[in-house]
$ cat start_24.csv   # CSV, C-alpha atoms
chain,number,residue,atom,x,y,z
A,12,MET,CA,-7.8,-4.2,57.3
A,13,ALA,CA,-9.2,-7.0,59.6
A,14,SER,CA,-7.0,-9.9,58.4
A,15,TYR,CA,-3.6,-8.1,57.9
A,16,THR,CA,-1.0,-7.6,60.6
A,17,LYS,CA,-0.1,-4.0,61.5
A,18,ALA,CA,3.3,-4.5,60.0
A,19,ALA,CA,2.0,-5.8,56.7
A,20,GLN,CA,-0.6,-3.0,56.5
A,21,GLN,CA,2.2,-0.4,57.1
A,22,TRP,CA,4.4,-2.0,54.5
A,23,ALA,CA,1.6,-2.1,51.8
A,24,THR,CA,0.7,1.5,52.5
A,25,PHE,CA,4.1,3.1,52.4
A,26,ALA,CA,6.0,0.9,49.9
A,27,ARG,CA,7.1,2.4,46.6
A,28,ALA,CA,5.3,0.7,43.8
A,29,TRP,CA,6.4,0.2,40.1
A,30,TYR,CA,3.9,0.8,37.4
A,31,LEU,CA,4.1,0.0,33.7
A,32,LEU,CA,2.6,2.1,30.9
A,33,ASP,CA,2.6,1.2,27.2
A,34,ALA,CA,2.9,4.4,25.1
A,35,LYS,CA,2.2,2.7,21.7
A,36,MET,CA,-0.1,4.9,19.5
A,37,GLN,CA,-0.7,7.2,22.5
A,38,PRO,CA,-0.3,11.0,22.6
A,39,PRO,CA,2.7,12.0,24.8
A,40,GLY,CA,0.6,14.6,26.7
A,41,LYS,CA,-1.9,12.1,28.0
A,42,ILE,CA,0.9,9.7,28.8
A,43,ALA,CA,2.6,12.4,30.8
A,44,ALA,CA,-0.6,13.3,32.6
A,45,ALA,CA,-1.1,9.8,33.8
A,46,THR,CA,2.6,9.4,34.7
A,47,VAL,CA,2.8,12.7,36.7
A,48,ILE,CA,-0.1,11.7,39.0
A,49,ARG,CA,1.8,8.5,39.9
A,50,LEU,CA,5.2,10.1,40.2
A,51,GLU,CA,3.9,12.7,42.7
A,52,GLY,CA,1.9,10.2,44.7
A,53,ARG,CA,-1.5,11.9,44.1
A,54,HIS,CA,-3.1,8.6,43.5
A,55,LYS,CA,-2.7,7.7,47.1
A,56,PRO,CA,-4.9,8.8,50.0
A,57,ILE,CA,-1.8,9.4,52.1
A,58,TYR,CA,-0.5,12.0,49.7
A,59,HIS,CA,1.5,14.9,51.0
A,60,ALA,CA,3.8,17.1,49.0
A,61,LEU,CA,6.6,16.8,51.5
A,62,SER,CA,6.3,13.1,52.3
A,63,ASP,CA,8.0,11.8,49.2
A,64,CYS,CA,5.3,9.2,48.5
A,65,GLY,CA,5.8,9.0,44.7
A,66,ASP,CA,6.0,5.7,42.8
A,67,HIS,CA,8.2,4.5,39.9
A,68,VAL,CA,6.8,4.5,36.4
A,69,VAL,CA,8.2,2.5,33.5
A,70,ILE,CA,7.1,3.7,30.0
A,71,ILE,CA,7.7,1.4,27.1
A,72,ASN,CA,7.4,1.8,23.3
A,73,THR,CA,8.1,5.5,23.4
A,74,ARG,CA,9.3,5.2,19.8
A,75,HIS,CA,5.7,4.5,18.8
A,76,ILE,CA,4.0,7.5,20.3
A,77,ALA,CA,1.3,9.3,18.2
A,78,PHE,CA,0.8,13.0,18.0
A,79,SER,CA,-2.6,14.4,17.1
A,80,GLY,CA,-2.9,16.9,14.3
A,81,ASN,CA,0.3,18.0,12.4
A,82,LYS,CA,2.4,18.4,15.6
A,83,TRP,CA,5.1,16.2,14.2
A,84,GLU,CA,5.8,19.0,11.7
A,85,GLN,CA,4.6,22.0,13.7
A,86,LYS,CA,5.8,21.5,17.3
A,87,VAL,CA,9.3,23.0,17.9
A,88,TYR,CA,11.5,22.1,20.8
A,89,SER,CA,13.9,25.0,21.6
A,90,SER,CA,17.0,25.1,23.8
A,91,HIS,CA,20.0,27.4,24.4
A,92,THR,CA,23.5,26.2,25.1
A,93,GLY,CA,24.3,29.3,27.1
A,94,TYR,CA,26.9,30.4,24.6
A,95,PRO,CA,26.3,33.2,22.1
A,96,GLY,CA,24.7,31.9,18.9
A,97,GLY,CA,23.7,28.8,20.8
A,98,PHE,CA,19.9,29.0,20.2
A,99,LYS,CA,18.8,25.6,18.8
A,100,GLN,CA,15.3,24.8,17.5
A,101,VAL,CA,14.4,21.4,16.5
A,102,THR,CA,11.1,20.0,15.2
A,103,ALA,CA,9.4,17.1,17.0
A,104,THR,CA,10.2,14.8,14.1
A,105,GLN,CA,13.9,15.6,14.2
A,106,LEU,CA,14.1,15.3,18.0
A,107,HIS,CA,12.3,11.9,17.9
A,108,LEU,CA,14.6,10.5,15.3
A,109,LYS,CA,17.6,11.7,17.3
A,110,ASP,CA,16.4,10.4,20.6
A,111,PRO,CA,13.1,8.4,20.8
A,112,THR,CA,12.6,8.9,24.5
A,113,ALA,CA,13.3,12.7,24.5
A,114,ILE,CA,9.8,13.8,23.7
A,115,VAL,CA,8.1,11.9,26.5
A,116,LYS,CA,10.9,12.9,28.9
A,117,LEU,CA,10.5,16.6,28.2
A,118,THR,CA,6.7,16.4,28.4
A,119,VAL,CA,6.8,14.7,31.8
A,120,TYR,CA,9.5,17.1,33.1
A,121,ARG,CA,7.4,20.1,32.1
A,122,MET,CA,4.2,18.7,33.6
A,123,LEU,CA,5.8,18.0,37.0
A,124,PRO,CA,5.5,20.8,39.7
A,125,LYS,CA,8.4,23.2,39.4
A,126,ASN,CA,10.1,22.5,42.7
A,127,LEU,CA,13.2,20.7,44.0
A,128,GLN,CA,11.4,17.3,44.1
A,129,ARG,CA,11.0,17.4,40.3
A,130,ARG,CA,14.5,16.0,39.8
A,131,THR,CA,14.0,13.1,42.2
A,132,MET,CA,10.7,12.3,40.6
A,133,MET,CA,12.4,12.3,37.1
A,134,GLN,CA,14.9,9.8,38.5
A,135,ARG,CA,12.0,7.5,39.3
A,136,LEU,CA,10.8,7.7,35.7
A,137,HIS,CA,12.2,4.9,33.4
A,138,LEU,CA,11.8,5.3,29.6
A,139,PHE,CA,12.4,2.6,27.0
A,140,PRO,CA,12.0,3.1,23.3
A,141,GLU,CA,10.9,-0.5,22.5
A,142,ASP,CA,9.3,-3.1,24.8
A,143,VAL,CA,12.6,-4.5,25.8
A,144,ILE,CA,13.0,-4.0,29.6
A,145,PRO,CA,16.0,-5.0,31.8
A,146,GLU,CA,15.2,-8.1,33.9
A,147,ASP,CA,15.6,-6.4,37.3
A,148,ILE,CA,13.0,-3.7,36.4
A,149,GLN,CA,10.7,-6.4,34.9
A,150,LYS,CA,10.7,-8.2,38.3
A,151,ASN,CA,9.7,-5.1,40.2
A,152,LEU,CA,6.6,-4.2,38.1
A,153,LEU,CA,3.4,-4.3,40.0
A,154,GLN,CA,0.5,-3.1,37.8
A,155,GLU,CA,-0.1,-1.7,34.4
A,156,ILE,CA,-1.7,1.7,34.0
A,157,PRO,CA,-4.5,1.6,31.4
A,158,GLN,CA,-3.8,3.4,28.1
A,159,PRO,CA,-5.4,6.9,27.9
A,160,ARG,CA,-6.4,6.7,24.2
A,161,ALA,CA,-8.5,4.0,22.7
A,162,VAL,CA,-6.4,2.8,19.7
A,163,PRO,CA,-8.7,2.5,16.6
A,164,LYS,CA,-8.8,-0.7,14.5
A,165,ARG,CA,-7.3,-0.7,11.0
A,166,LEU,CA,-9.4,-1.9,8.1
A,167,ASP,CA,-7.4,-5.2,7.7
A,168,GLU,CA,-7.8,-5.9,11.5
A,169,TYR,CA,-11.6,-6.4,11.1
A,170,THR,CA,-12.7,-10.0,10.6
A,171,PRO,CA,-14.6,-10.8,7.4
A,172,GLU,CA,-17.7,-11.5,9.5
A,173,GLU,CA,-17.7,-8.0,11.0
A,174,ILE,CA,-17.2,-6.5,7.5
A,175,ALA,CA,-20.1,-8.6,6.1
A,176,ALA,CA,-22.3,-7.7,9.1
A,177,PHE,CA,-21.9,-3.9,8.4
A,178,PRO,CA,-24.7,-2.8,6.1
A,179,LYS,CA,-24.0,-1.4,2.6
A,180,VAL,CA,-25.1,2.2,2.6
A,181,TRP,CA,-25.6,3.0,-1.1
A,182,THR,CA,-26.4,1.1,-4.3
A,183,PRO,CA,-24.1,1.7,-7.3
A,184,PRO,CA,-25.8,2.5,-10.6
A,185,LYS,CA,-26.0,-0.2,-13.3
A,186,ASP,CA,-23.3,1.2,-15.5
A,187,PHE,CA,-20.8,2.0,-12.8
A,188,ARG,CA,-17.4,0.3,-13.0
A,189,ARG,CA,-15.6,0.0,-9.7
A,190,LYS,CA,-11.8,0.1,-10.0
B,4,VAL,CA,-33.4,26.3,6.0
B,5,ARG,CA,-32.4,22.7,5.6
B,6,GLY,CA,-29.0,21.2,6.0
B,7,GLY,CA,-27.8,22.6,9.4
B,8,PRO,CA,-26.6,20.7,12.5
B,9,GLY,CA,-29.3,18.3,13.6
B,10,LEU,CA,-31.5,18.9,10.5
B,11,PRO,CA,-32.0,16.6,7.5
B,12,CYS,CA,-30.0,17.3,4.4
B,13,ALA,CA,-31.1,19.8,1.8
B,14,PRO,CA,-33.0,18.0,-1.1
B,15,LEU,CA,-30.5,16.8,-3.7
B,16,ARG,CA,-30.6,18.7,-7.0
B,17,PRO,CA,-30.9,16.6,-10.3
B,18,PRO,CA,-27.4,16.3,-11.8
B,19,ALA,CA,-26.5,18.9,-14.5
B,20,PRO,CA,-26.2,17.5,-18.1
B,21,ARG,CA,-22.6,16.7,-18.9
B,22,ARG,CA,-21.1,18.7,-21.7
B,23,LEU,CA,-18.0,17.5,-23.6
B,24,THR,CA,-15.2,20.0,-24.3
B,25,ALA,CA,-13.0,19.8,-27.4
B,26,VAL,CA,-10.3,17.9,-25.5
B,27,GLY,CA,-12.9,15.5,-24.2
B,28,ARG,CA,-14.2,14.8,-27.7
B,29,ARG,CA,-10.7,14.0,-29.0
B,30,LEU,CA,-9.9,11.7,-26.0
B,31,ARG,CA,-13.2,9.9,-26.5
B,32,SER,CA,-12.6,9.2,-30.1
B,33,LEU,CA,-9.0,7.9,-29.2
B,34,TYR,CA,-10.5,5.6,-26.5
B,35,PHE,CA,-12.9,4.1,-28.9
B,36,THR,CA,-10.4,3.4,-31.7
B,37,LEU,CA,-7.9,1.8,-29.3
B,38,SER,CA,-9.9,-0.2,-26.7
B,39,VAL,CA,-12.8,-1.9,-28.5
B,40,PRO,CA,-11.5,-5.4,-29.4
B,41,ARG,CA,-12.0,-6.9,-32.9
B,42,PRO,CA,-14.5,-9.7,-33.0
B,43,PRO,CA,-13.0,-13.2,-33.5
B,44,GLN,CA,-13.2,-14.2,-37.2
B,45,ASP,CA,-13.4,-18.0,-36.9
B,46,THR,CA,-16.3,-18.6,-34.5
B,47,VAL,CA,-19.3,-20.6,-35.8
B,48,ALA,CA,-21.1,-21.2,-32.5
B,49,PHE,CA,-21.2,-18.3,-30.2
B,50,ARG,CA,-19.5,-19.0,-26.8
B,51,LEU,CA,-18.5,-16.5,-24.2
B,52,ASN,CA,-14.8,-16.1,-24.4
B,53,GLU,CA,-12.2,-13.9,-22.8
B,54,SER,CA,-12.7,-10.8,-24.9
B,55,HIS,CA,-16.4,-10.8,-24.2
B,56,CYS,CA,-15.7,-11.1,-20.5
B,57,VAL,CA,-13.4,-8.1,-20.7
B,58,LEU,CA,-16.1,-6.1,-22.5
B,59,LEU,CA,-18.7,-7.2,-19.9
B,60,SER,CA,-16.4,-6.1,-17.1
B,61,LEU,CA,-16.1,-2.8,-18.8
B,62,PHE,CA,-19.8,-2.2,-18.7
B,63,PHE,CA,-21.0,-3.9,-15.5
B,64,PHE,CA,-20.0,-2.7,-12.0
B,65,PHE,CA,-18.3,-5.7,-10.6
B,66,CYS,CA,-17.7,-8.6,-13.1
B,67,PRO,CA,-14.8,-10.8,-12.2
B,68,VAL,CA,-13.7,-13.3,-14.9
B,69,VAL,CA,-13.9,-16.9,-13.6
B,70,GLU,CA,-12.5,-19.9,-15.4
B,71,VAL,CA,-13.9,-23.4,-14.6
B,72,THR,CA,-12.5,-26.6,-16.2
B,73,GLU,CA,-14.9,-29.6,-16.3
B,74,GLY,CA,-13.3,-32.6,-18.1
B,75,ASN,CA,-13.0,-31.7,-21.8
B,76,THR,CA,-14.8,-28.3,-21.7
B,77,THR,CA,-13.4,-25.1,-20.2
B,78,THR,CA,-16.0,-22.5,-19.4
B,79,ILE,CA,-14.9,-18.9,-19.0
B,80,GLU,CA,-17.6,-16.7,-17.6
B,81,GLY,CA,-18.0,-13.3,-16.2
B,82,ARG,CA,-20.2,-13.3,-13.1
B,83,ILE,CA,-22.0,-10.1,-12.2
B,84,ILE,CA,-21.9,-9.6,-8.5
B,85,GLU,CA,-24.7,-7.4,-7.2
B,86,ASP,CA,-23.4,-4.8,-4.7
B,87,ALA,CA,-26.7,-3.2,-3.6
B,88,GLU,CA,-27.7,-1.3,-0.5
B,89,THR,CA,-28.8,-3.5,2.4
B,90,PRO,CA,-32.6,-3.5,2.5
B,91,ASN,CA,-34.7,-1.7,5.1
B,92,PRO,CA,-32.7,1.4,6.1
B,93,PRO,CA,-34.0,2.9,9.4
B,94,ASN,CA,-35.1,6.1,7.6
B,95,PRO,CA,-36.2,5.3,4.0
B,96,SER,CA,-37.3,8.9,3.4
B,97,GLY,CA,-33.8,10.3,3.7
B,98,GLN,CA,-32.2,11.9,0.6
B,99,CYS,CA,-28.5,10.7,1.0
B,100,PRO,CA,-27.2,7.4,2.4
B,101,ILE,CA,-26.1,9.0,5.7
B,102,CYS,CA,-29.7,10.4,6.4
B,103,ARG,CA,-31.3,7.1,5.4
B,104,TRP,CA,-29.1,5.2,7.9
B,105,ASN,CA,-29.4,7.9,10.7
B,106,LEU,CA,-25.7,8.4,10.8
B,107,LYS,CA,-25.8,12.2,10.4
B,108,HIS,CA,-23.5,13.4,13.2
B,109,LYS,CA,-22.4,10.0,14.4
B,110,TYR,CA,-19.3,9.0,12.3
B,111,ASP,CA,-15.7,9.9,12.7
B,112,TYR,CA,-12.3,9.1,11.1
B,113,VAL,CA,-12.3,5.8,13.1
B,114,ASP,CA,-15.3,4.3,11.4
B,115,VAL,CA,-13.4,2.7,8.6
B,116,LEU,CA,-16.1,0.2,7.7
B,117,LEU,CA,-18.4,3.1,6.7
B,118,LEU,CA,-15.6,5.2,5.0
B,119,SER,CA,-14.3,2.3,2.9
B,120,GLN,CA,-17.7,2.1,1.1
B,121,PHE,CA,-17.1,5.6,-0.5
B,122,ILE,CA,-13.4,5.2,-1.6
B,123,ARG,CA,-11.7,3.7,-4.7
B,124,SER,CA,-9.1,1.0,-4.4
B,125,ASP,CA,-6.3,3.5,-4.6
B,126,GLY,CA,-7.8,5.6,-1.8
B,127,GLY,CA,-9.5,8.4,-3.6
B,128,MET,CA,-13.1,9.5,-3.0
B,129,LEU,CA,-15.9,8.3,-5.4
B,130,PRO,CA,-17.9,11.2,-7.1
B,131,ARG,CA,-20.9,12.5,-5.3
B,132,ARG,CA,-23.2,12.0,-8.4
B,133,ILE,CA,-22.5,8.2,-8.1
B,134,THR,CA,-22.7,7.7,-4.3
B,135,GLY,CA,-25.7,10.0,-3.9
B,136,LEU,CA,-24.3,11.9,-0.9
B,137,CYS,CA,-25.4,15.4,-0.3
B,138,PHE,CA,-22.7,18.1,-0.5
B,139,GLU,CA,-22.0,18.6,3.3
B,140,GLU,CA,-21.8,14.9,4.0
B,141,HIS,CA,-19.6,14.3,1.0
B,142,ARG,CA,-17.2,16.9,2.3
B,143,LYS,CA,-17.3,15.4,5.8
B,144,ILE,CA,-16.7,11.9,4.5
B,145,ALA,CA,-13.8,13.2,2.4
B,146,VAL,CA,-12.2,14.9,5.4
B,147,CYS,CA,-12.7,11.7,7.5
B,148,VAL,CA,-11.1,9.6,4.7
B,149,GLN,CA,-8.1,11.9,4.6
B,150,MET,CA,-7.6,11.7,8.3
B,151,ALA,CA,-8.0,7.9,8.2
B,152,HIS,CA,-5.3,7.7,5.5
B,153,ARG,CA,-2.9,9.8,7.4
B,154,ALA,CA,-3.6,7.8,10.6
B,155,GLY,CA,-2.7,4.6,8.6
B,156,LEU,CA,-6.2,3.0,9.1
B,157,LEU,CA,-6.6,2.2,5.4
B,158,PRO,CA,-3.3,0.3,4.6
B,159,ASN,CA,-4.6,-1.5,1.5
B,160,HIS,CA,-6.1,1.6,-0.3
B,161,ARG,CA,-2.8,3.0,-1.5
B,162,PRO,CA,-2.0,4.4,-5.0
B,163,PRO,CA,0.2,2.0,-7.0
B,164,LEU,CA,3.8,2.9,-6.5
B,165,PRO,CA,6.4,2.4,-9.3
B,166,GLU,CA,8.5,-0.8,-8.9
B,167,GLY,CA,11.4,-0.8,-6.5
B,168,HIS,CA,10.3,2.3,-4.7
B,169,ILE,CA,11.6,2.2,-1.1
B,170,PRO,CA,10.0,4.8,1.2
B,171,LYS,CA,12.9,6.6,2.8
B,172,LYS,CA,10.9,8.8,5.2
B,173,PRO,CA,10.3,7.4,8.7
B,174,LYS,CA,6.7,6.5,9.4
B,175,LEU,CA,5.5,8.4,12.4
B,176,ASN,CA,2.2,7.6,14.1
B,177,ARG,CA,-0.4,10.3,13.9
B,178,TYR,CA,-4.2,10.9,14.2
B,179,LEU,CA,-6.7,13.7,13.6
B,180,THR,CA,-4.4,15.3,11.1
B,181,ARG,CA,-6.0,18.3,9.4
B,182,TRP,CA,-3.3,19.4,7.0
B,183,SER,CA,-1.3,17.2,4.6
B,184,ILE,CA,2.1,16.2,6.0
B,185,ARG,CA,4.2,17.9,3.3
B,186,SER,CA,2.3,21.2,3.7
B,187,ALA,CA,2.7,21.7,7.4
B,188,LYS,CA,5.6,24.0,8.4
B,189,PRO,CA,7.2,24.3,11.9
B,190,ILE,CA,5.9,27.0,14.2
B,191,TRP,CA,9.2,28.6,15.2
B,192,ARG,CA,7.8,31.3,17.4
B,193,ARG,CA,4.5,30.3,19.1
B,194,GLY,CA,3.9,33.7,20.8
B,195,PRO,CA,2.5,34.8,24.2
B,196,LYS,CA,-0.7,33.3,25.5
B,197,TRP,CA,-2.9,36.1,24.3
B,198,CYS,CA,-1.8,35.6,20.7
B,199,LYS,CA,-0.7,32.0,20.6
B,200,LYS,CA,-0.2,30.3,17.2
B,201,THR,CA,-2.2,27.2,17.7
B,202,MET,CA,-1.6,23.7,16.2
B,203,PRO,CA,-4.9,22.6,14.7
B,204,VAL,CA,-6.3,19.1,15.5
B,205,GLY,CA,-9.3,17.5,13.9
B,206,HIS,CA,-11.6,19.4,11.5
B,207,PRO,CA,-14.2,22.1,12.1
B,208,LEU,CA,-16.7,20.3,9.8
B,209,LEU,CA,-16.9,17.5,12.4
B,210,LYS,CA,-17.6,19.9,15.4
B,211,ASP,CA,-21.3,19.0,15.4
B,212,ASN,CA,-20.7,15.3,16.0
B,213,VAL,CA,-22.4,13.7,19.0
B,214,LYS,CA,-20.2,13.8,22.1
B,215,TYR,CA,-20.5,11.1,24.7
B,216,THR,CA,-18.5,13.0,27.3
B,217,HIS,CA,-19.1,16.4,28.8
B,218,LYS,CA,-15.6,17.6,27.8
B,219,PRO,CA,-15.6,20.4,25.1
B,220,LEU,CA,-14.0,19.6,21.8
B,221,TYR,CA,-10.7,21.4,21.3
B,222,LEU,CA,-9.8,21.9,17.7
B,223,ASN,CA,-6.8,24.2,18.4
B,224,HIS,CA,-4.1,22.9,20.7
$ encode --input "start_24.csv" --output "structure tokens"
Amino acid sequence: MASYTKAAQQWATFARAWYLLDAKMQPPGKIAAATVIRLEGRHKPIYHALSDCGDHVVIINTRHIAFSGNKWEQKVYSSHTGYPGGFKQVTATQLHLKDPTAIVKLTVYRMLPKNLQRRTMMQRLHLFPEDVIPEDIQKNLLQEIPQPRAVPKRLDEYTPEEIAAFPKVWTPPKDFRRK
Amino acid sequence: VRGGPGLPCAPLRPPAPRRLTAVGRRLRSLYFTLSVPRPPQDTVAFRLNESHCVLLSLFFFFCPVVEVTEGNTTTIEGRIIEDAETPNPPNPSGQCPICRWNLKHKYDYVDVLLLSQFIRSDGGMLPRRITGLCFEEHRKIAVCVQMAHRAGLLPNHRPPLPEGHIPKKPKLNRYLTRWSIRSAKPIWRRGPKWCKKTMPVGHPLLKDNVKYTHKPLYLNH
């Protein structure tokens, strides 16, 4: 506040920022919750619903999202074309194979407030199935949003020292043969 | 009553004597006629050779066969590797390994270093009479192992596939999966809020685990 000019302060406050979010091994609901906050502008102290202060969010690796439970098989996305007999129901697996960004897009769309600004906010959301981003978007990125879920380590990702340091919890009997 | 949340395990019962059925007796006689190797006929001095090492590895828990060549003599030996429990557990008076190491409500599907001690190399659980776990903890560990397998955290503990088998199904990331992938069916009509068909997450056996947040644990999404 003391060392910036008024113009620089104004610019930094009201500029539209670009955020990056890596959706690898993350649940789409938590990704969407973090995204919606930034798209609305609720992370800013100057937030007002009418003042259009939302930022851009770029989500990468949407192909590698992880659903908890059996939602890949149980969750059903329904739509109607408007024509008779046009009711379509598709499981999350089928939708994801058809379009890897559709699940995250629908989740964010349904979490945004149901007003006229929802469409403009969706235009500021950029989804990419892998981590390949166009150059011009890459140049705009400011900050990365931290991942909402802590990704667990696989057994082969532990170092042999860590495996040896973990105590053995039971003794096998003398005549036991381990396969 | 012992064996509830926050209480030590119920005392372990001594194992029931194993009785052999008719089918078991036939299989056992078949095993002994086929698998015991014939002793070598032309040995004068006794030296540990390969068939002895195979027999040794049948009867001792971990006995890899090691071959060492020193000049003219080749020594084949089976080394017995001791795989015992780490000494000085925090609670030596506990009945099962989980109580002895004070892990009663503290492990989850993520703790692969603990879970991998109770599984075979093809991913199945070891029997309770061998590991020494009490009944509730054995079930909880089995549930955690299932969830870890479905989350892909145990990639090297897979059952051996036949040769040339290419998995055709797409591998989707998942975690806290309660039901098996083939058995879960789509919920076509979820219903109104007052009678919603929920999608279960996690397992109710693990609802007494220690929570480090103030958020409640949602098992039905």
$ residues_near_point --input "start_24.csv" --point "(4.9, 13.7, 36.8)" --cutoff "8 Å" --atoms "all atoms listed in the file" --output "number ranges by chain"
A: 43-51, 119-120, 122-124, 129, 132-133
$ atom_distance --input "start_24.csv" --atom1 "CA of Pro56 (chain A)" --atom2 "CA of Thr24 (chain A)"
9.5 Å
$ residues_around --input "start_24.csv" --residues "region 138-151 of chain B" --least-positions-apart "6" --cutoff "7 Å" --atoms "all atoms listed in the file" --output "list in words"
Asp111, Tyr112, Val113, Leu118, Met128, Arg131, Leu157, Tyr178, Leu179, Thr180, Arg181, Leu208 and Leu209 of chain B
$ atom_distance --input "start_24.csv" --atom1 "CA of Asn212 (chain B)" --atom2 "CA of Ile133 (chain B)"
25.2 Å
$ interface_residues --input "start_24.csv" --of "chain B" --to "chain A" --cutoff "7 Å" --atoms "all atoms listed in the file" --output "PyMOL selection string"
chain B and resi 61-65+86-89+100+113+115-116+123-124+133-134+156-157+176-182+184+187-191+202-205
$ axis_aligned_box --input "start_24.csv" --around "region 161-169 of chain A" --padding-each-side "4 Å" --output "AutoDock Vina command-line options"
--center_x -9.0 --center_y -1.2 --center_z 15.2 --size_x 13.2 --size_y 18.4 --size_z 23.0
$ residues_around --input "start_24.csv" --residues "Arg135 (chain A)" --least-positions-apart "2" --cutoff "9 Å" --atoms "all atoms listed in the file" --output "PyMOL selection string"
chain A and resi 50+65-69+130-133+137
$ atom_distance --input "start_24.csv" --atom1 "CA of Pro95 (chain B)" --atom2 "CA of Gly127 (chain B)"
27.9 Å
$ residues_around --input "start_24.csv" --residues "region 15-21 of chain B" --least-positions-apart "2" --cutoff "10 Å" --atoms "all atoms listed in the file" --output "VMD selection string"
chain B and resid 12 to 13 23 to 24 98 to 99 131 to 132 135 to 138
$ decode --input "start_24.csv" --residues "region 152-167 of chain A" --atoms "N, CA and C atoms" --output "compact mmCIF listing (two decimals), in the first residue's frame"
# COMPACT_ATOMS: atom_id res chain seq x y z
N LEU A 152 -1.15 -17.48 -17.13
CA LEU A 152 -1.39 -18.08 -15.81
C LEU A 152 -0.64 -17.34 -14.73
N LEU A 153 -1.32 -17.12 -13.60
CA LEU A 153 -0.73 -16.37 -12.50
C LEU A 153 -0.34 -17.30 -11.36
N GLN A 154 -1.29 -18.13 -10.91
CA GLN A 154 -1.07 -18.87 -9.67
C GLN A 154 -1.75 -20.23 -9.80
N GLU A 155 -1.22 -21.22 -9.04
CA GLU A 155 -1.88 -22.52 -9.07
C GLU A 155 -2.72 -22.67 -7.81
N ILE A 156 -3.96 -23.17 -7.98
CA ILE A 156 -4.83 -23.43 -6.82
C ILE A 156 -4.38 -24.76 -6.23
N PRO A 157 -4.22 -24.88 -4.89
CA PRO A 157 -3.80 -26.17 -4.31
C PRO A 157 -4.86 -27.23 -4.52
N GLN A 158 -4.42 -28.50 -4.66
CA GLN A 158 -5.36 -29.60 -4.93
C GLN A 158 -6.17 -29.89 -3.67
N PRO A 159 -7.50 -30.09 -3.82
CA PRO A 159 -8.33 -30.29 -2.62
C PRO A 159 -8.10 -31.62 -1.92
N ARG A 160 -7.71 -32.69 -2.66
CA ARG A 160 -7.56 -33.99 -2.03
C ARG A 160 -6.09 -34.37 -2.00
N ALA A 161 -5.61 -34.91 -0.87
CA ALA A 161 -4.22 -35.38 -0.77
C ALA A 161 -4.13 -36.72 -1.47
N VAL A 162 -3.32 -36.81 -2.54
CA VAL A 162 -3.24 -38.04 -3.32
C VAL A 162 -2.39 -39.05 -2.55
N PRO A 163 -2.92 -40.28 -2.26
CA PRO A 163 -2.14 -41.25 -1.48
C PRO A 163 -1.01 -41.85 -2.32
N LYS A 164 0.04 -42.32 -1.61
CA LYS A 164 1.20 -42.92 -2.30
C LYS A 164 0.91 -44.38 -2.57
N ARG A 165 1.31 -44.85 -3.74
CA ARG A 165 1.19 -46.29 -4.04
C ARG A 165 2.32 -47.02 -3.33
N LEU A 166 2.19 -48.35 -3.26
CA LEU A 166 3.20 -49.13 -2.54
C LEU A 166 4.55 -49.07 -3.24
N ASP A 167 4.57 -49.01 -4.57
CA ASP A 167 5.87 -48.96 -5.26
C ASP A 167 6.46 -47.56 -5.28
